[in-house]
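Have a look at the structure below before the remarks.
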Amino acid sequence: MIDCPACGVSHKPGALFCRNCGEYLGVVKPVTSELSPREGGARSLEDVVDETASMPSGGALGDMLDIEVVASGRRVQWIGISELLIGRADLACGVDPDLDLEPDGGLKGGVSRRHCRVYRQQGVYLVEDVGSANGTYLNGERLSAYLPRILKHHDELQLGGMLLRVTIDEGAARM
């Protein structure tokens with residue numbers, strides 16, 4: 001059972017929001033991530049994050065995250081980010097994502113206003129679909145909404161029909 005952190009009401013595993021107060025229940029541990037057989041089968045996301053964080057080169061807060069919008073060729077870089085919302089700006093609705101894909105044809109490409117988020121946890125980047133209408137794909141595999149997946153160097157994200165290429169440079173802040 002999952003207990004709501006706000007009101008304490010119990011819910012069945014898999015519930016995303018509290019039926020009593022509406023609080024987001026978050027990701028329940030342990031979450032498993034399907035890995036290919038050559039990577040040792042299914043392991044918990046927490047184990048993979050812990051392993052990656054303990055690697056000698058991982059975890060620098062100054063890592064550079066570079067995202068290329070393939071259709072337009074635009075590249076956007078962030079150094080030392082903790083969280084990044086990707087989507088389309090709609091100031092009338094109060095939506096102003098950190099990476100606005102509207103100038104790149106986001107509406108026509110099927111990008112939601114709040115499409116996905118990229119964030120750091122224990123030294124690794126994670127990507128999470130935040131309930132988009134047309135889905136978020138990581139290297140061609142559709143993500144389940146609100147279930148984070150590890151984002152690695154040279155991964156490809158597809159938001160609706162818009163392709164993004166990710167580069168993570170762990171040495172950027174040490175140059």
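Every chain in the structure tokens has a letter given in the order shown (A, B, ...), and although residue numbers restart at 1 in each chain, ligands are simply numbered from 1 in the order shown.
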
Close residues, Leu147 in chain A itself excluded, 6 Å, only C-alpha atoms, min 2 positions apart in chain, as a short mmCIF file (atom, residue, chain, number, x, y, z; two decimals) with N, CA and C atoms, in the first residue's frame:
```cif
data_model
loop_
_atom_site.label_atom_id
_atom_site.label_comp_id
_atom_site.auth_asym_id
_atom_site.auth_seq_id
_atom_site.Cartn_x
_atom_site.Cartn_y
_atom_site.Cartn_z
N GLU A 128 11.31 12.08 -17.52
CA GLU A 128 9.99 11.63 -17.09
C GLU A 128 8.91 12.33 -17.92
N SER A 144 6.27 5.40 -19.95
CA SER A 144 5.03 5.47 -19.18
C SER A 144 5.02 6.80 -18.44
N ALA A 145 3.88 7.45 -18.40
CA ALA A 145 3.78 8.75 -17.73
C ALA A 145 4.18 8.63 -16.27
#
```

What's the 10 Å shell around Gly8 in chain A, counting only C-alpha atoms, without same-chain residues fewer than 5 positions away, as number ranges by chain? A: 2-3, 18, 20-21

Might you pull out every residue within 12 Å of Ile81 in chain A, with only C-alpha atoms counted and same-chain residues fewer than 3 positions away left off, and present them as a list in words?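 Listed by chain and then number, they are Gly59, Ala60, Leu61, Gly62, Asp63, Met64, Leu65, Asp66, Gln77, Trp78, Leu84, Leu85, Asp98, Arg117, Val118, Tyr119, Arg120, Gln121, Gly123, Val124, Tyr125, Leu126 and Ile168 of chain A.
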
Those residues you just picked out, can you put them in a file as a PDB file, in the first residue's frame with N, CA and C atoms?
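Saved file result-v2.pdb follows:
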```pdb
ATOM      1  N   GLY A  59      28.346  12.374 -11.571  1.00  0.00           N
ATOM      2  CA  GLY A  59      27.808  13.135 -10.468  1.00  0.00           C
ATOM      3  C   GLY A  59      28.275  14.555 -10.289  1.00  0.00           C
ATOM      4  N   ALA A  60      29.092  15.081 -11.160  1.00  0.00           N
ATOM      5  CA  ALA A  60      29.532  16.455 -10.975  1.00  0.00           C
ATOM      6  C   ALA A  60      28.369  17.406 -11.190  1.00  0.00           C
ATOM      7  N   LEU A  61      28.176  18.340 -10.258  1.00  0.00           N
ATOM      8  CA  LEU A  61      27.081  19.288 -10.392  1.00  0.00           C
ATOM      9  C   LEU A  61      27.277  20.216 -11.570  1.00  0.00           C
ATOM     10  N   GLY A  62      28.484  20.288 -12.111  1.00  0.00           N
ATOM     11  CA  GLY A  62      28.758  21.150 -13.237  1.00  0.00           C
ATOM     12  C   GLY A  62      28.639  20.460 -14.582  1.00  0.00           C
ATOM     13  N   ASP A  63      28.100  19.250 -14.636  1.00  0.00           N
ATOM     14  CA  ASP A  63      27.925  18.567 -15.910  1.00  0.00           C
ATOM     15  C   ASP A  63      27.127  19.440 -16.865  1.00  0.00           C
ATOM     16  N   MET A  64      27.500  19.378 -18.156  1.00  0.00           N
ATOM     17  CA  MET A  64      26.779  20.144 -19.160  1.00  0.00           C
ATOM     18  C   MET A  64      25.782  19.227 -19.864  1.00  0.00           C
ATOM     19  N   LEU A  65      24.550  19.693 -19.943  1.00  0.00           N
ATOM     20  CA  LEU A  65      23.499  18.996 -20.669  1.00  0.00           C
ATOM     21  C   LEU A  65      23.242  19.799 -21.935  1.00  0.00           C
ATOM     22  N   ASP A  66      23.411  19.157 -23.086  1.00  0.00           N
ATOM     23  CA  ASP A  66      23.241  19.802 -24.382  1.00  0.00           C
ATOM     24  C   ASP A  66      22.094  19.084 -25.090  1.00  0.00           C
ATOM     25  N   GLN A  77      22.124  24.610 -24.174  1.00  0.00           N
ATOM     26  CA  GLN A  77      23.003  23.999 -23.180  1.00  0.00           C
ATOM     27  C   GLN A  77      22.705  24.537 -21.785  1.00  0.00           C
ATOM     28  N   TRP A  78      22.808  23.644 -20.821  1.00  0.00           N
ATOM     29  CA  TRP A  78      22.671  24.014 -19.413  1.00  0.00           C
ATOM     30  C   TRP A  78      23.837  23.403 -18.662  1.00  0.00           C
ATOM     31  N   LEU A  84      14.637  20.484 -15.424  1.00  0.00           N
ATOM     32  CA  LEU A  84      14.356  21.183 -16.674  1.00  0.00           C
ATOM     33  C   LEU A  84      13.002  20.714 -17.198  1.00  0.00           C
ATOM     34  N   LEU A  85      12.051  21.633 -17.360  1.00  0.00           N
ATOM     35  CA  LEU A  85      10.756  21.315 -17.953  1.00  0.00           C
ATOM     36  C   LEU A  85      10.838  21.596 -19.448  1.00  0.00           C
ATOM     37  N   ASP A  98      11.251  25.571 -19.333  1.00  0.00           N
ATOM     38  CA  ASP A  98      12.667  25.945 -19.422  1.00  0.00           C
ATOM     39  C   ASP A  98      13.178  25.801 -20.854  1.00  0.00           C
ATOM     40  N   ARG A 117      10.025  16.228 -18.236  1.00  0.00           N
ATOM     41  CA  ARG A 117      11.037  16.924 -17.442  1.00  0.00           C
ATOM     42  C   ARG A 117      12.285  16.069 -17.374  1.00  0.00           C
ATOM     43  N   VAL A 118      13.412  16.756 -17.311  1.00  0.00           N
ATOM     44  CA  VAL A 118      14.716  16.126 -17.137  1.00  0.00           C
ATOM     45  C   VAL A 118      15.236  16.649 -15.811  1.00  0.00           C
ATOM     46  N   TYR A 119      15.711  15.754 -14.973  1.00  0.00           N
ATOM     47  CA  TYR A 119      16.221  16.188 -13.673  1.00  0.00           C
ATOM     48  C   TYR A 119      17.341  15.281 -13.216  1.00  0.00           C
ATOM     49  N   ARG A 120      18.083  15.774 -12.226  1.00  0.00           N
ATOM     50  CA  ARG A 120      19.210  15.011 -11.663  1.00  0.00           C
ATOM     51  C   ARG A 120      18.803  14.415 -10.327  1.00  0.00           C
ATOM     52  N   GLN A 121      19.211  13.180 -10.143  1.00  0.00           N
ATOM     53  CA  GLN A 121      18.987  12.516  -8.862  1.00  0.00           C
ATOM     54  C   GLN A 121      20.193  11.628  -8.598  1.00  0.00           C
ATOM     55  N   GLY A 123      23.271  12.096  -8.887  1.00  0.00           N
ATOM     56  CA  GLY A 123      24.360  12.169  -9.851  1.00  0.00           C
ATOM     57  C   GLY A 123      24.048  11.714 -11.268  1.00  0.00           C
ATOM     58  N   VAL A 124      22.812  11.315 -11.573  1.00  0.00           N
ATOM     59  CA  VAL A 124      22.460  10.926 -12.938  1.00  0.00           C
ATOM     60  C   VAL A 124      21.257  11.729 -13.401  1.00  0.00           C
ATOM     61  N   TYR A 125      21.129  11.851 -14.714  1.00  0.00           N
ATOM     62  CA  TYR A 125      19.967  12.518 -15.289  1.00  0.00           C
ATOM     63  C   TYR A 125      18.849  11.502 -15.492  1.00  0.00           C
ATOM     64  N   LEU A 126      17.633  11.936 -15.217  1.00  0.00           N
ATOM     65  CA  LEU A 126      16.444  11.128 -15.447  1.00  0.00           C
ATOM     66  C   LEU A 126      15.501  11.922 -16.330  1.00  0.00           C
ATOM     67  N   ILE A 168      25.632  14.685 -22.880  1.00  0.00           N
ATOM     68  CA  ILE A 168      25.987  14.988 -21.496  1.00  0.00           C
ATOM     69  C   ILE A 168      27.503  15.007 -21.416  1.00  0.00           C
TER      70      ILE A 168
END
```

List as a count of residues only the protein and nucleic acid residues near Leu107 in chain A, meaning an atom at most 12 Å away when only C-alpha atoms are counted, but skip any in the same chain fewer than 4 places from it. 19

Write down as a count of residues only the residues of range 60-134 of chain A whose backbone DSSP state falls under strand (DSSP E). 32

In Å, with one decimal, what is the gap from CA of Gln158 in chain A to CA of Gly135 in chain A?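 Rounded to one decimal, the two atoms are 8.1 Å apart.
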